[in-house]
>>> print(open('final-v3.txt').read())   # compact mmCIF, C-alpha atoms
# COMPACT_ATOMS: atom_id res chain seq x y z
CA MET A 1 74.12 83.50 13.27
CA PRO A 2 76.52 81.55 11.00
CA ARG A 3 75.02 80.41 7.71
CA THR A 4 75.42 76.72 8.55
CA LEU A 5 73.36 77.18 11.71
CA LEU A 6 70.67 79.07 9.80
CA ARG A 7 70.52 76.25 7.25
CA ASP A 8 70.29 73.64 10.00
CA ARG A 9 67.56 75.60 11.77
CA ALA A 10 65.52 75.86 8.57
CA TYR A 11 66.05 72.16 7.86
CA ALA A 12 64.95 71.06 11.35
CA VAL A 13 61.85 73.27 11.45
CA ILE A 14 60.62 72.28 7.98
CA ARG A 15 61.42 68.58 8.53
CA ASP A 16 59.54 68.55 11.83
CA ALA A 17 56.54 70.30 10.27
CA ILE A 18 56.41 67.68 7.50
CA VAL A 19 56.72 64.79 9.96
CA ALA A 20 54.01 66.28 12.20
CA GLY A 21 51.69 66.71 9.23
CA ASP A 22 51.56 70.48 9.62
CA ILE A 23 52.74 70.58 6.00
CA GLU A 24 50.73 67.80 4.40
CA PRO A 25 51.76 65.30 1.71
CA GLY A 26 51.45 66.91 -1.72
CA ALA A 27 51.63 70.46 -0.37
CA VAL A 28 53.72 72.84 -2.46
CA VAL A 29 56.38 74.68 -0.45
CA ARG A 30 57.93 77.99 -1.50
CA ASP A 31 61.28 79.21 -0.28
CA ALA A 32 60.24 82.87 -0.14
CA GLU A 33 57.13 82.13 1.91
CA LEU A 34 58.91 79.88 4.40
CA ALA A 35 61.86 82.23 4.65
CA GLU A 36 59.52 85.03 5.68
CA ARG A 37 57.73 82.83 8.23
CA LEU A 38 61.05 81.71 9.73
CA GLY A 39 62.62 85.17 9.67
CA LEU A 40 65.42 83.97 7.41
CA SER A 41 66.79 84.77 3.98
CA ARG A 42 65.90 82.46 1.10
CA ALA A 43 69.39 80.93 0.84
CA PRO A 44 69.30 78.72 3.98
CA VAL A 45 65.73 77.66 3.16
CA ARG A 46 66.77 76.60 -0.36
CA GLU A 47 69.68 74.63 1.15
CA ALA A 48 67.25 72.99 3.58
CA PHE A 49 64.99 72.09 0.65
CA SER A 50 67.91 70.37 -1.06
CA ARG A 51 68.62 68.24 2.01
CA LEU A 52 64.96 67.36 2.41
CA VAL A 53 64.82 66.23 -1.22
CA ASP A 54 67.78 63.95 -0.51
CA ASP A 55 65.97 62.65 2.58
CA GLY A 56 62.87 61.78 0.57
CA LEU A 57 60.58 64.25 2.33
CA LEU A 58 60.41 66.72 -0.57
CA GLU A 59 60.38 66.27 -4.34
CA SER A 60 61.34 68.99 -6.76
CA LYS A 61 60.94 69.75 -10.45
CA PRO A 62 63.30 72.57 -11.50
CA GLN A 63 61.55 75.78 -12.48
CA SER A 64 58.22 74.22 -11.59
CA TYR A 65 57.56 73.14 -7.98
CA THR A 66 58.90 71.77 -4.73
CA ARG A 67 56.37 69.75 -2.76
CA VAL A 68 56.05 67.31 0.11
CA THR A 69 56.31 63.72 -1.03
CA PRO A 70 53.26 61.48 -0.65
CA LEU A 71 53.26 58.70 1.92
CA VAL A 72 54.37 55.68 -0.11
CA ALA A 73 54.35 52.33 1.69
CA ALA A 74 57.31 50.95 -0.28
CA ASP A 75 59.45 53.97 0.65
CA VAL A 76 58.60 53.57 4.33
CA ARG A 77 59.36 49.84 4.24
CA ASP A 78 62.70 50.52 2.57
CA ALA A 79 63.57 53.19 5.14
CA ALA A 80 62.53 50.94 8.05
CA ALA A 81 64.68 48.10 6.70
CA VAL A 82 67.74 50.34 6.46
CA VAL A 83 67.19 52.05 9.81
CA GLY A 84 66.50 48.69 11.45
CA ALA A 85 69.75 47.26 10.10
CA MET A 86 71.65 50.24 11.50
CA HIS A 87 70.00 49.79 14.90
CA GLU A 88 70.93 46.11 14.94
CA LEU A 89 74.52 47.06 14.12
CA VAL A 90 74.80 49.67 16.87
CA THR A 91 73.04 47.42 19.40
CA ARG A 92 75.57 44.64 18.79
CA VAL A 93 78.40 47.05 19.58
CA ALA A 94 76.66 49.11 22.28
CA VAL A 95 75.42 46.44 24.69
CA PRO A 96 78.85 45.57 26.18
CA ARG A 97 79.55 49.30 26.59
CA LEU A 98 76.40 50.31 28.45
CA ALA A 99 76.79 51.77 31.93
CA ALA A 100 74.20 51.83 34.71
CA ALA A 101 73.33 55.40 33.76
CA ASP A 102 72.59 54.32 30.19
CA LEU A 103 70.23 51.60 31.35
CA ALA A 104 68.52 54.04 33.71
CA ALA A 105 68.07 56.48 30.82
CA MET A 106 66.50 53.73 28.69
CA ARG A 107 64.11 52.73 31.47
CA ALA A 108 63.10 56.34 32.08
CA ALA A 109 62.50 56.89 28.36
CA ASN A 110 60.37 53.75 28.16
CA GLY A 111 58.33 54.93 31.13
CA ARG A 112 57.68 58.22 29.34
CA PHE A 113 56.88 56.32 26.16
CA ALA A 114 54.30 54.06 27.82
CA ALA A 115 52.68 57.01 29.60
CA ALA A 116 52.49 59.02 26.39
CA VAL A 117 50.96 56.12 24.45
CA GLY A 118 48.40 55.67 27.22
CA ALA A 119 47.55 59.36 27.08
CA GLY A 120 47.37 59.40 23.29
CA ASP A 121 50.22 61.92 23.11
CA VAL A 122 51.81 60.93 19.80
CA ASP A 123 54.53 63.58 19.82
CA ALA A 124 55.71 62.68 23.32
CA ALA A 125 55.60 58.96 22.51
CA LEU A 126 57.77 59.31 19.42
CA ARG A 127 60.15 61.66 21.24
CA ALA A 128 60.58 59.16 24.09
CA ASP A 129 61.05 56.33 21.61
CA ASP A 130 63.85 58.28 19.93
CA GLU A 131 65.46 59.00 23.30
CA LEU A 132 65.49 55.32 24.24
CA HIS A 133 67.07 54.13 21.01
CA ASP A 134 69.48 57.07 20.90
CA VAL A 135 71.16 55.70 24.05
CA LEU A 136 72.27 52.67 22.03
CA VAL A 137 73.18 54.75 18.98
CA ARG A 138 75.45 56.96 21.08
CA ALA A 139 77.02 54.02 22.90
CA GLY A 140 77.64 52.27 19.59
CA GLY A 141 79.83 55.16 18.47
CA ASN A 142 79.32 54.50 14.74
CA ARG A 143 78.95 57.91 13.14
CA ALA A 144 77.92 56.53 9.74
CA ALA A 145 75.17 54.44 11.32
CA ALA A 146 74.01 57.40 13.43
CA ALA A 147 73.85 59.64 10.35
CA THR A 148 71.84 57.04 8.43
CA VAL A 149 69.38 56.66 11.32
CA ALA A 150 68.97 60.44 11.59
CA ARG A 151 68.43 60.79 7.84
CA TYR A 152 65.79 58.11 7.29
CA THR A 153 63.91 57.92 10.59
CA PRO A 154 61.70 60.95 9.73
CA LEU A 155 60.23 59.03 6.78
CA ILE A 156 59.09 56.34 9.22
CA ARG A 157 57.96 58.77 11.91
CA ARG A 158 55.68 60.52 9.45
CA LEU A 159 53.71 57.30 8.91
CA GLU A 160 53.84 56.30 12.60
CA ARG A 161 52.41 59.65 13.61
CA ARG A 162 49.53 59.30 11.17
CA ARG A 163 48.79 55.71 12.24
CA PHE A 164 48.76 56.62 15.94
CA GLY A 165 46.70 59.70 15.19
CA GLU A 166 44.14 57.45 13.52
CA GLY A 167 43.86 55.38 16.68
CA GLY A 168 46.41 52.72 15.78
CA SER A 169 47.81 50.56 18.56
CA CYS A 170 51.40 50.39 19.74
CA ARG A 171 53.03 47.35 21.26
CA SER A 172 56.53 48.73 21.51
CA ALA A 173 56.56 49.41 25.26
CA GLY A 174 56.74 45.68 26.00
CA LEU A 175 59.37 45.16 23.33
CA HIS A 176 61.36 48.03 24.80
CA GLU A 177 61.24 46.32 28.19
CA ARG A 178 62.58 43.10 26.68
CA LEU A 179 65.33 45.08 24.97
CA ILE A 180 66.31 46.80 28.21
CA GLU A 181 66.37 43.49 30.09
CA ALA A 182 68.64 41.96 27.44
CA CYS A 183 70.94 44.98 27.60
CA ALA A 184 71.08 44.82 31.40
CA ALA A 185 71.97 41.11 31.20
CA GLY A 186 74.66 41.79 28.62
CA ASP A 187 72.86 39.41 26.22
CA VAL A 188 73.94 40.82 22.87
CA ALA A 189 72.17 38.17 20.77
CA GLU A 190 68.82 38.70 22.50
CA ALA A 191 69.14 42.48 22.32
CA VAL A 192 69.76 42.26 18.58
CA ARG A 193 66.80 39.87 18.15
CA VAL A 194 64.44 42.23 19.97
CA THR A 195 65.76 45.20 18.00
CA ALA A 196 65.08 43.33 14.77
CA GLU A 197 61.54 42.56 15.97
CA ILE A 198 60.88 46.22 16.79
CA TRP A 199 61.92 47.41 13.36
CA ARG A 200 60.25 44.54 11.54
CA GLY A 201 57.04 45.75 13.15
CA LEU A 202 57.63 49.20 11.69
CA GLU A 203 58.13 47.69 8.24
CA GLU A 204 54.78 45.93 8.66
CA LEU A 205 53.18 49.21 9.76
CA ALA A 206 53.61 50.43 6.19
CA ASP A 207 51.21 47.74 5.00
>>> encode(input="final-v3.txt", output="C-alpha cells")
Amino acid sequence: MPRTLLRDRAYAVIRDAIVAGDIEPGAVVRDAELAERLGLSRAPVREAFSRLVDDGLLESKPQSYTRVTPLVAADVRDAAAVVGAMHELVTRVAVPRLAAADLAAMRAANGRFAAAVGAGDVDAALRADDELHDVLVRAGGNRAAAATVARYTPLIRRLERRRFGEGGSCRSAGLHERLIEACAAGDVAEAVRVTAEIWRGLEELAD
C-alpha cells in the first residue's frame, strides 16, 4: 500500500478512536505501540500524529510525550464558530445547485438521524448528521471550506459524543427539517439562518 494511504489510514483510525473516547483525553499515545496494533510501521503513525497535533486532538512535547488533548470548552467554541461559518458559506452557494436527489439524500439522512437519537445510538446519529451536511458541502464545491470542515469537526464531535453519552438532549432533527424545507424552496436566506442556528447551538453545547 502506498505510504500516503498508510498515513491516511493511521490518521483516520487514531482520530476516530479519540473522537469516540476509546483513547481518552490526557492519554499518552506511543507510535511504536499504535503501529504494532495497526500492523503498520512507525513512520505513517508518526505522520498521523503530526496531523492530529495540527488538528488539536493531540499535543506533543519533543522527547517527552504525545498525548490526547483535554476537552477545553473554549477550543470547542472556537472550532464550532469556524465550522459554522464554513457551513453558512457552502449553504449560500449550494442551495441553488441542489437537485432532487440531493434533497432526497438529506431527508433520508435526517430520518436516520432522528431514529438514531431516539434509539440512543450516538455513533449512528453523528454519522447521519455528517451525511446530511455533507450534501451541502459537496454541492457548494468549495474545497477550502470542505477541508476546514473536515479538519475541525472532530473537535466538536468529541464533545457532542460525550454530551449525548451522558444523556444530553438533541434538538437538531427539527432544525434539519427546517433546513431541508428551506433548501427545497430555494430560500437561500432561510437556509443560511437555520444553518447558523444549528452551529450556534453547538457553540453553546461547549458551555
>>> closest_residue(input="final-v3.txt", among="A:Ala173, A:Ile18, A:Val194, A:Leu5", to="Arg161 of chain A", atoms="all atoms listed in the file")
A:Ile18
>>> closest_atom_pairs(input="final-v3.txt", of="segment 19-102 of chain A", to="segment 146-158 of chain A", cutoff="9 Å", atoms="all atoms listed in the file", output="JSON lines")
{"residue": "A:Val19", "atom": "CA", "partner": "A:Arg158", "partner_atom": "CA", "distance": 4.4}
{"residue": "A:Ala20", "atom": "CA", "partner": "A:Arg158", "partner_atom": "CA", "distance": 6.6}
{"residue": "A:Gly21", "atom": "CA", "partner": "A:Arg158", "partner_atom": "CA", "distance": 7.4}
{"residue": "A:Asp54", "atom": "CA", "partner": "A:Arg151", "partner_atom": "CA", "distance": 9.0}
{"residue": "A:Asp55", "atom": "CA", "partner": "A:Arg151", "partner_atom": "CA", "distance": 6.1}
{"residue": "A:Gly56", "atom": "CA", "partner": "A:Leu155", "partner_atom": "CA", "distance": 7.3}
{"residue": "A:Leu57", "atom": "CA", "partner": "A:Leu155", "partner_atom": "CA", "distance": 6.9}
{"residue": "A:Leu71", "atom": "CA", "partner": "A:Arg158", "partner_atom": "CA", "distance": 8.1}
{"residue": "A:Asp75", "atom": "CA", "partner": "A:Leu155", "partner_atom": "CA", "distance": 8.0}
{"residue": "A:Val76", "atom": "CA", "partner": "A:Ile156", "partner_atom": "CA", "distance": 5.6}
{"residue": "A:Arg77", "atom": "CA", "partner": "A:Ile156", "partner_atom": "CA", "distance": 8.2}
{"residue": "A:Ala79", "atom": "CA", "partner": "A:Tyr152", "partner_atom": "CA", "distance": 5.8}
{"residue": "A:Ala80", "atom": "CA", "partner": "A:Ile156", "partner_atom": "CA", "distance": 6.5}
{"residue": "A:Val82", "atom": "CA", "partner": "A:Tyr152", "partner_atom": "CA", "distance": 8.1}
{"residue": "A:Val83", "atom": "CA", "partner": "A:Val149", "partner_atom": "CA", "distance": 5.3}
{"residue": "A:Gly84", "atom": "CA", "partner": "A:Val149", "partner_atom": "CA", "distance": 8.5}
{"residue": "A:Met86", "atom": "CA", "partner": "A:Val149", "partner_atom": "CA", "distance": 6.8}
{"residue": "A:His87", "atom": "CA", "partner": "A:Val149", "partner_atom": "CA", "distance": 7.8}
{"residue": "A:Val90", "atom": "CA", "partner": "A:Ala146", "partner_atom": "CA", "distance": 8.5}
>>> closest_residue(input="final-v3.txt", among="A:Leu136, A:Leu89, A:Ala196, A:Val117", to="Cys183 of chain A", atoms="only C-alpha atoms")
A:Leu136
>>> closest_residue(input="final-v3.txt", among="A:Ala128, A:Val135, A:Val53, A:Trp199", to="Ala101 of chain A", atoms="only C-alpha atoms")
A:Val135
>>> closest_residue(input="final-v3.txt", among="A:Ile180, A:Leu6, A:Leu126, A:Leu205", to="Leu98 of chain A", atoms="only C-alpha atoms")
A:Ile180
>>> closest_residue(input="final-v3.txt", among="A:Leu132, A:Ala74, A:Leu40, A:Val137", to="Leu103 of chain A", atoms="all atoms listed in the file")
A:Leu132
>>> closest_residue(input="final-v3.txt", among="A:Asp129, A:Asp134, A:Glu59, A:Glu204", to="Leu175 of chain A", atoms="all atoms listed in the file")
A:Asp129
>>> atom_distance(input="final-v3.txt", atom1="atom CA of Ile198 of chain A", atom2="atom CA of Thr91 of chain A")
12.5 Å
>>> atom_distance(input="final-v3.txt", atom1="atom CA of Ala104 of chain A", atom2="atom CA of Gly120 of chain A")
24.2 Å
>>> residues_around(input="final-v3.txt", residues="Gly186 of chain A", least_positions_apart="4", cutoff="8 Å", atoms="all atoms listed in the file", output="PyMOL selection string")
chain A and resi 95-96+182
>>> write_last_selection(input="final-v3.txt", atoms="C-alpha atoms", output="mmCIF file, in the coordinates of the input")
data_model
loop_
_atom_site.group_PDB
_atom_site.id
_atom_site.type_symbol
_atom_site.label_atom_id
_atom_site.label_comp_id
_atom_site.auth_asym_id
_atom_site.auth_seq_id
_atom_site.Cartn_x
_atom_site.Cartn_y
_atom_site.Cartn_z
ATOM 1 C CA VAL A 95 75.420 46.440 24.690
ATOM 2 C CA PRO A 96 78.850 45.570 26.180
ATOM 3 C CA ALA A 182 68.640 41.960 27.440
#
